[in-house]
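Trainee: Would you mind keeping the following structure in view while I ask a few things?
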Amino acid sequence: MEWEIVIGLEIHAQLATKSKIFSGASTAYGAEPNTQACAIDLGMPGVLPVLNKEAVRMAAKFGLAVGAKVSNRSLFERKNYFYPDLPKGYQISQFELPIVEGGQLEIQVEGEDARVIAITRAHLEEDAGKSLHEDFQGSTGVDLNRAGTPLLEIVSEPDLRSAKEAVAYMKKIHSLVQYLEICDGNMQEGSFRCDANVSIRPMGQEKLGTRSEIKNLNSFRFVERAINFEVERQIDVIEGGGKVVQETRLYDSDKDETRSMRSKEEAFDYRYFPDPDLLPIELDEAYIEAVRITLPELPDEKKARFMAELGLAEYEAGVLTASRELADYFEEAAKIAGGDAKRTANWVMGDLLGALNKAGKGIADSPVSAALLGGMLQRINDNTISGKIAKQVFECMWNGEGDADSVIKAKGLKQVTDSGAIEIIIDEIIANNPGQVEQYRSGKDKLFGFFVGQVMKASQGKANPAQVNELLKQKLA
Amino acid sequence: MSVDRSDITKVARLARLKIDEADVPQYVDNLSNILGLVEQMSAVNTDDVVPMAHPLDAAQRLRADEVSDTNQRDKFQALAPQVESGLYLVPKVIE
Amino acid sequence: MHTKTISQLSAVLRSGEVSSVELTSLFLDRIKQHNLALNCFISITEAQALEAAAAADQRLKAGNAAPLTGVPIAHKDIFCTEGVKTTCGSKMLDNFIAPYESTCTAKFRDAGAVMLGKTNMDEFAMGSSNETSYFGAVKNPWDQGRVPGGSSGGSVSAVAARLAPAATGTDTGGSIRQPAALCGLTGLKPTYGRVSRFGMIAFASSLDQAGPVTYSAEDAALMMNVMAGFDERDSTSVAREVPDYSANLENGIEGLKIGLPKEYFGEGLDGNIARVIDAAIKEYEALGAVVKEISLPNTGLAVPTYYVVAPAECSTNLSRFDGVRFGHRCDDPQDLFDLYTRSRGEGFGLEVKRRIMIGTYVLSAGYYDAYYLKAQKIRRLISDDFRAAFEKVDVIMGPTTPSTAFKLGEKADDPVTMYLSDIYTIAVNMAGLPAASIPAGFVDGLPVGLQVIGNYFDESRLLNVAHKYQQATDWHLQVPKEFQ
């Protein structure tokens with residue numbers, strides 16, 4: 001039987017506020033346990049939540065960026081359950097009336113057509129603390145520093161049809177929240193993570209299959225592997241005559257498998273109801289418009305502009321706009337370089353990203369800044385150096401030997417464009433290789449490359465290649 | 001509306017309350033009576049009534065995003081039954 | 001000296017006739033003398049009180065004293081007081097030394113008032129008789145075989161016995177007004193949002209409101225001048241200017257329109273109480289007020305609705321008491337579930353467990369619409385009744401309670417009967433309105449309270465209306481014999 005895979009993602013993005021969503025404690029990552037958990041985060045008796053303005057603004061910004069409706073009125077509700085990392089015994093979340101409703105996003109898996117994925121909603125909630133299971137004499141330790149960190153939970157429709165699509169969608173959101181500067185996107189630190197709802201159904205069937213929810217996936221690789229494992233597992237279950245049970249599963253990255261979380265002793269009954277300590281969030285049109293004008297150019301808009309204005313191909317524009325930092329880098333370099341933006345694109349996507357990848361660095365930590373790269377490309381455009389020499393210059397800049405001009409000067413890499421000087425080299429090579437000259441003149445055209453190579457070698461690569469071609473043709477004629 | 005033993009057990013479990021087996025009949029009785037009182041609500045037609053969650057028709061006030069709380073771990077953990085290395089301890093949690 | 005109102009004590013302190021240390025010592029002595037019998041204090045903060053009194057004396061000498069500087073008062077043990085045990089009447093918090101100060105008590109502290117101690121209360125404010133306290137029942141100073149009412153029973157008993165000249169209380173369904181009525185005091189529940197709830201341990205967040213317990217309306221105004229006001233740490237606090245509550249006390253009440261809800265005078269009201277209330281209304285007419293019968297048709301639904309809304313809110317408010325970060329923890333928990341269920345099972349008393357279970361039940365899957373949502377809709381209807389009434393009248397009057405103080409143990413085993421003793425007070429909390437109970441007479445030697453309900457934020461008028469009555473009568477100045 002052919003199976004169709006149905007996936008919906010619930011992405012949790014920690015909002016990049018300085019303080020918590022309902023308290024004045026810091027959200028900074030990595031502090032000593034419980035040093036950033038104030039009385040409110042600890043759920044001490046009598047304390048009360050007050051909502052962080054920035055968290056609201058960031059949620060609205062996200063909503064506008066995905067073309068969603070930012071609600072004029074939304075509510076906080078309590079989601080009740082007992083767990084050590086949930087100090088109040090309830091999580092303040094949004095249920096009936098979320099701050100963002102609807103919206104959509106276009107994704108593209110390489111080699112496939114672009115698809116539009118609908119977003120159901122995005123709502124504000126507080127993060128929980130962390131349980132540390134290392135052994136404390138058979139106990140679990142609880143660190144509540146993360147408790148109360150603002151989260152935007154972005155829920156997609158079950159529109160995704162493969163693990164690859166799920167990854168593409170998650171990457172797109174990941175890029176978007178960073179463009180919007182509402183989330184640092186740091187997946188290692190848990191700032192951006194997701195739960196995946198996965199089910200399968202016979203191809204062509206409308207009714208959805210029973211889904212399982214895979215919790216807490218914090219890398220793109222894990223999302224892909226966990227979904228693929230889960231799909232295979234479900235197919236095996238059904239084809240083996242069994243039934244998929246609705247349950248929560250954990251992905252174990254060491255074993256590359258999902259496993260059922262210790263079966264809950266009771267069905268979840270969260271007893272949602274409006275939090276009486278908080279009033280409805282009311283946002284008027286003026287507020288929403290004021291947020292709208294702060295929206296930066298979004299990835300898709302940028303991509304379209306790079307294609308239209310800078311003449312980049314769709315693929316190049318896509319790669320270069322995948323992150324705001326990369327796009328900004330490229331634009332700055334291209335502006336300084338002048339001339340053909342395609343050359344800048346090639347350098348950024350080729351040499352720069354290659355080097356960064358090899359060094360395990362991100363664009364933000366690039367030893368070659370956009371200004372440095374742009375400066376070097378300018379020297380290619382004005383014929384000071386050739387593309388080939390530029391590779392050498394790039395390496396020097398990477399190693400911290402200064403900007404292109406000082407490297408060119410220090411190493412004497414300036415291109416020779418004086419035809420007299422080139423002619424002298426050519427004459428010498430013709431004189432030293434009478435046999436090859438003879439063969440060339442008798443019709444062995446292939447040897448032309450040999451002469452070019454000799455000239456470049458003799459000039460240490462500095463002779464202007466176009467001039468060399470021109471002059472060689474004349475002299476060998 | 002009356003409740004039975006199994007309702008009491010279920011609700012006590014959901015609310016994480018240990019109830020002595022011997023007290024269950026009393027809870028059955030009390031809760032049934034209270035729900036009987038509450039039942040009077042059903043006599044009223046509320047079809048077009050907007051629910052009122054709060055006495056004041058006000059909107060949530062927003063606070064500036066500022067870090068205003070400093071570390072008071074020692075003070076707070078002095079109240080805790082069991083801590084180690086700055087962590088609150090609970091019996092081992094198995095996921 | 002111990003029977004003086006706080007307005008009088010304020011004057012005496014200023015004149016230098018007594019110092020705050022002397023006054024504080026006097027009340028501390030009285031507390032030590034009578035607390036064993038009345039059980040109205042859970043904690044007596046003698047050392048802190050004397051220290052605060054000495055500081056107040058300095059302030060009085062320096063001439064920068066506020067009206068309550070040096071005046072001793074008591075706080076209900078529901079308010080977190082930094083460095084002082086704050087139990088909320090529960091075993092759960094028997095070991096809880098609050099690490100912060102509630103906004104309300106901080107305001108009194110900053111005004112120079114001296115805290116004598118923390119008063120007994122029904123556990124987590126759930127009760128109408130003060131019998132649910134882990135620290136034992138409180139006695140009514142008028143008859144120690146009877147309850148003082150609840151949940152602010154300790155505060156009220158202490159003030160009625162003149163162990164403190166004033167106290168704070170909280171009112172979720174009548175917890176200030178009902179005990180004030182049963183003990184012959186003036187109690188005010190302000191408009192929801194008028195007094196900050198920060199640091200006040202929550203029972204039902206959308207209903208809880210702190211207020212004063214005093215001899216007179218004049219004193220209540222002095223207390224309100226300190227307590228009331230916006231607090232940025234409470235999202236439900238109202239950013240609205242606080243008037244000088246003492247300013248309008250003397251205004252005439254000629255032409256005041258008093259509404260008498262017929263539902264408050266029907267079946268279930270003790271005939272003797274009805275006569276006392278009638279006499280009080282006559283007194284108002286003599287003062288120039290105009291009386292008008294009104295109807296609050298959904299009055300009967302207030303108690304049923306309340307017993308959905310309040311338990312629902314409390315069931316989740318009390319989830320934080322889980323034996324992990326503070327409060328009672330059971331011995332040797334076997335696993336996490338055992339830790340939760342035993343810590344909570346042992347830490348909470350019967351009534352609290354009952355309400356948590358009711359709340360959990362009404363919120364649980366399948367029942368939400370039938371109970372919680374329905375209750376919220378009826379809450380609207382109850383509230384609309386009042387809105388309509390206040391278009392016709394200035395204040396609403398009636399009995400605070402259907403009977404006088406009942407005997408200890410009389411209703412303890414029957415929650416529903418107990419709940420119905422709040423039948424006239426609960427609707428006010430559902431609507432969020434301000435209301436006062438003022439002493440209006442006696443039946444068989446037991447005090448009777450007149451309830452005066454005002455429109456939103458109309459506390460000034462309520463106090464004015466109460467004060468004019470208290471100028472014409474002396475019910476509020478009666479002191480139980482043993483405590484004179």
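Numbering starts fresh at 1 for the residues of each chain in the structure tokens, the chains themselves are lettered A, B, ... in the order given, and ligands are numbered from 1 as they appear.
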Write down, as number ranges by chain, each residue of chain B that has any atom within 9 Å of an atom of chain C, counting only C-alpha atoms.

Mentor: B: 7-8, 11-20, 27, 30-31, 33-42, 44, 46-56, 58, 60-63, 75-83, 88-93

Trainee: Which residues of chain A have any atom within 9 Å of an atom in chain B when counting only C-alpha atoms, and what is the closest pair of atoms for each, with the distance in Å to one decimal? Order the rows by chain and rising number and write it as a tab-separated table.

Mentor:
```
residue	atom	partner	partner_atom	distance
A:Thr17	CA	B:Asp65	CA	6.7
A:Lys18	CA	B:Asp65	CA	6.2
A:Ser19	CA	B:Val67	CA	5.1
A:Lys20	CA	B:Asp65	CA	8.1
A:Ile21	CA	B:Asp65	CA	8.6
A:Phe22	CA	B:Arg63	CA	8.7
A:Ser23	CA	B:Asp69	CA	7.9
A:Gly24	CA	B:Ser68	CA	4.7
A:Ala25	CA	B:Asp69	CA	4.8
A:Ser26	CA	B:Val67	CA	5.4
A:Thr27	CA	B:Val67	CA	8.6
A:Glu32	CA	B:Gly86	CA	7.7
A:Pro33	CA	B:Gly86	CA	5.6
A:Asn34	CA	B:Arg73	CA	6.2
A:Thr35	CA	B:Asn71	CA	4.9
A:Gln36	CA	B:Asn71	CA	5.9
A:Ala37	CA	B:Asn71	CA	7.5
A:Cys38	CA	B:Asp69	CA	6.6
A:Ala39	CA	B:Phe76	CA	7.7
A:Leu42	CA	B:Phe76	CA	8.8
A:Val50	CA	B:Arg63	CA	6.6
A:Leu51	CA	B:Leu62	CA	5.2
A:Asn52	CA	B:Arg63	CA	5.0
A:Lys53	CA	B:Leu62	CA	4.9
A:Glu54	CA	B:Asp65	CA	6.0
A:Ala55	CA	B:Asp65	CA	8.3
A:Val56	CA	B:Leu62	CA	8.6
A:Arg73	CA	B:Ala59	CA	8.9
A:Tyr81	CA	B:Leu14	CA	8.2
A:Phe82	CA	B:Arg16	CA	8.0
A:Pro84	CA	B:Val90	CA	7.4
A:Ser131	CA	B:Val93	CA	8.2
A:Leu132	CA	B:Leu87	CA	8.8
A:His133	CA	B:Val93	CA	7.3
A:Asp135	CA	B:Lys92	CA	8.4
A:Phe136	CA	B:Leu89	CA	7.9
A:Gly138	CA	B:Lys92	CA	5.8
A:Ser139	CA	B:Lys92	CA	4.3
A:Thr140	CA	B:Lys92	CA	4.7
A:Gly141	CA	B:Leu89	CA	4.6
A:Val142	CA	B:Tyr88	CA	4.9
A:Asp143	CA	B:Leu87	CA	5.6
A:Leu144	CA	B:Leu87	CA	8.4
A:Leu250	CA	B:Glu95	CA	8.9
A:Met261	CA	B:Glu95	CA	5.6
A:Arg262	CA	B:Glu95	CA	5.4
A:Ser263	CA	B:Glu95	CA	8.7
A:Glu266	CA	B:Leu14	CA	8.4
A:Asp269	CA	B:Leu14	CA	8.0
A:Pro274	CA	B:Ala53	CA	7.1
A:Asp275	CA	B:Ala53	CA	8.7
A:Pro276	CA	B:His54	CA	6.9
A:Leu278	CA	B:Gln60	CA	6.4
A:Leu279	CA	B:Gln60	CA	4.4
A:Pro280	CA	B:Ala59	CA	5.2
A:Ile281	CA	B:Gln60	CA	5.2
A:Glu282	CA	B:Ala59	CA	5.9
```

Trainee: Counting only C-alpha atoms, which residues of chain A sit at most 6 Å from some atom of chain C, and what is each one's closest atom pair with its distance in Å to one decimal, listed by chain and rising residue number, as a Markdown table?

Mentor:
```
| residue | atom | partner | partner_atom | distance |
| --- | --- | --- | --- | --- |
| A:Pro45 | CA | C:Ile201 | CA | 5.4 |
| A:Gly46 | CA | C:Ile201 | CA | 3.9 |
| A:Val47 | CA | C:Gly199 | CA | 5.3 |
| A:Leu48 | CA | C:Asp234 | CA | 6.0 |
| A:Val50 | CA | C:Ser235 | CA | 5.6 |
| A:Lys88 | CA | C:Arg320 | CA | 4.2 |
| A:Gly89 | CA | C:Ser319 | CA | 4.8 |
| A:Arg271 | CA | C:Ser364 | CA | 5.1 |
| A:Pro276 | CA | C:Ser206 | CA | 5.4 |
| A:Leu278 | CA | C:Ser235 | CA | 6.0 |
```

Trainee: List the spatial neighbours of region 139-142 of chain C as a list in words - criterion: any atom at most 9 Å away, only C-alpha atoms, same-chain residues fewer than 5 positions off excluded.

Mentor: Ala37, Leu38, Asn39, Cys40, Asn130, Val147, Pro148, Gly149, Gly153, Gly154, Val156, Ser157, Ala158, Ala160, Ala161, Leu182, Cys183, Gly184, Ala405, Leu408, Gly445, Leu446, Pro447, Val479, Pro480, Lys481, Glu482 and Phe483 of chain C

Trainee: Using DSSP on the backbone coordinates, identify the residues of region 230-406 of chain A assigned to helix (DSSP H, G or I); present them as an NGL selection string.

Mentor: :A and (230-239 or 285-292 or 299-310 or 314-320 or 324-337 or 341-359 or 363-365 or 370-381 or 387-398 or 404-406)

Trainee: So which residues touch Ser212 (chain A) within 9 Å, counting only C-alpha atoms, skipping near sequence neighbours fewer than 2 positions away, as a PyMOL selection string?

Mentor: chain A and resi 196-199+210+214+230+244-249

Trainee: Limited to N, CA and C atoms, could you put the picked residues into a file as a CSV table (one decimal), in the first residue's frame?

Mentor:
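Result file follows (again.csv):
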```csv
chain,number,residue,atom,x,y,z
A,196,ALA,N,6.6,17.4,16.8
A,196,ALA,CA,6.1,17.1,15.5
A,196,ALA,C,4.9,16.1,15.7
A,197,ASN,N,3.8,16.4,15.1
A,197,ASN,CA,2.6,15.5,15.1
A,197,ASN,C,2.7,14.7,13.8
A,198,VAL,N,2.8,13.4,13.9
A,198,VAL,CA,3.0,12.6,12.7
A,198,VAL,C,1.9,11.6,12.6
A,199,SER,N,1.4,11.4,11.4
A,199,SER,CA,0.5,10.3,11.1
A,199,SER,C,0.6,9.9,9.7
A,210,THR,N,-4.4,8.2,13.0
A,210,THR,CA,-4.1,8.5,14.4
A,210,THR,C,-2.6,9.0,14.5
A,214,ILE,N,5.8,13.8,18.7
A,214,ILE,CA,7.2,13.6,19.1
A,214,ILE,C,7.7,14.9,19.7
A,230,GLU,N,9.6,7.6,12.7
A,230,GLU,CA,8.2,7.4,13.2
A,230,GLU,C,7.3,7.0,12.1
A,244,VAL,N,-2.1,2.4,15.3
A,244,VAL,CA,-1.3,3.4,15.9
A,244,VAL,C,-2.0,4.0,17.1
A,245,VAL,N,-1.4,4.1,18.3
A,245,VAL,CA,-2.1,4.7,19.4
A,245,VAL,C,-1.7,6.2,19.5
A,246,GLN,N,-2.6,7.0,19.9
A,246,GLN,CA,-2.3,8.4,20.1
A,246,GLN,C,-1.5,8.5,21.3
A,247,GLU,N,-0.3,9.0,21.2
A,247,GLU,CA,0.6,9.1,22.4
A,247,GLU,C,1.7,10.1,22.1
A,248,THR,N,2.4,10.4,23.2
A,248,THR,CA,3.6,11.3,23.1
A,248,THR,C,4.8,10.4,23.1
A,249,ARG,N,5.7,10.7,22.2
A,249,ARG,CA,6.9,10.0,22.1
A,249,ARG,C,8.1,10.9,22.1
```

Trainee: What's the separation between CA of Gly268 (chain C) and CA of Ile294 (chain C), in Å to one decimal place?

Mentor: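 One can read the CA of Gly268 (chain C) to CA of Ile294 (chain C) distance as 18.5 Å.
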
Trainee: Provide the CA of Pro179 (chain C) to CA of Ala47 (chain C) distance in Å, to one decimal place.

Mentor: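 CA of Ala47 (chain C) lies at a distance of 28.9 Å from CA of Pro179 (chain C).
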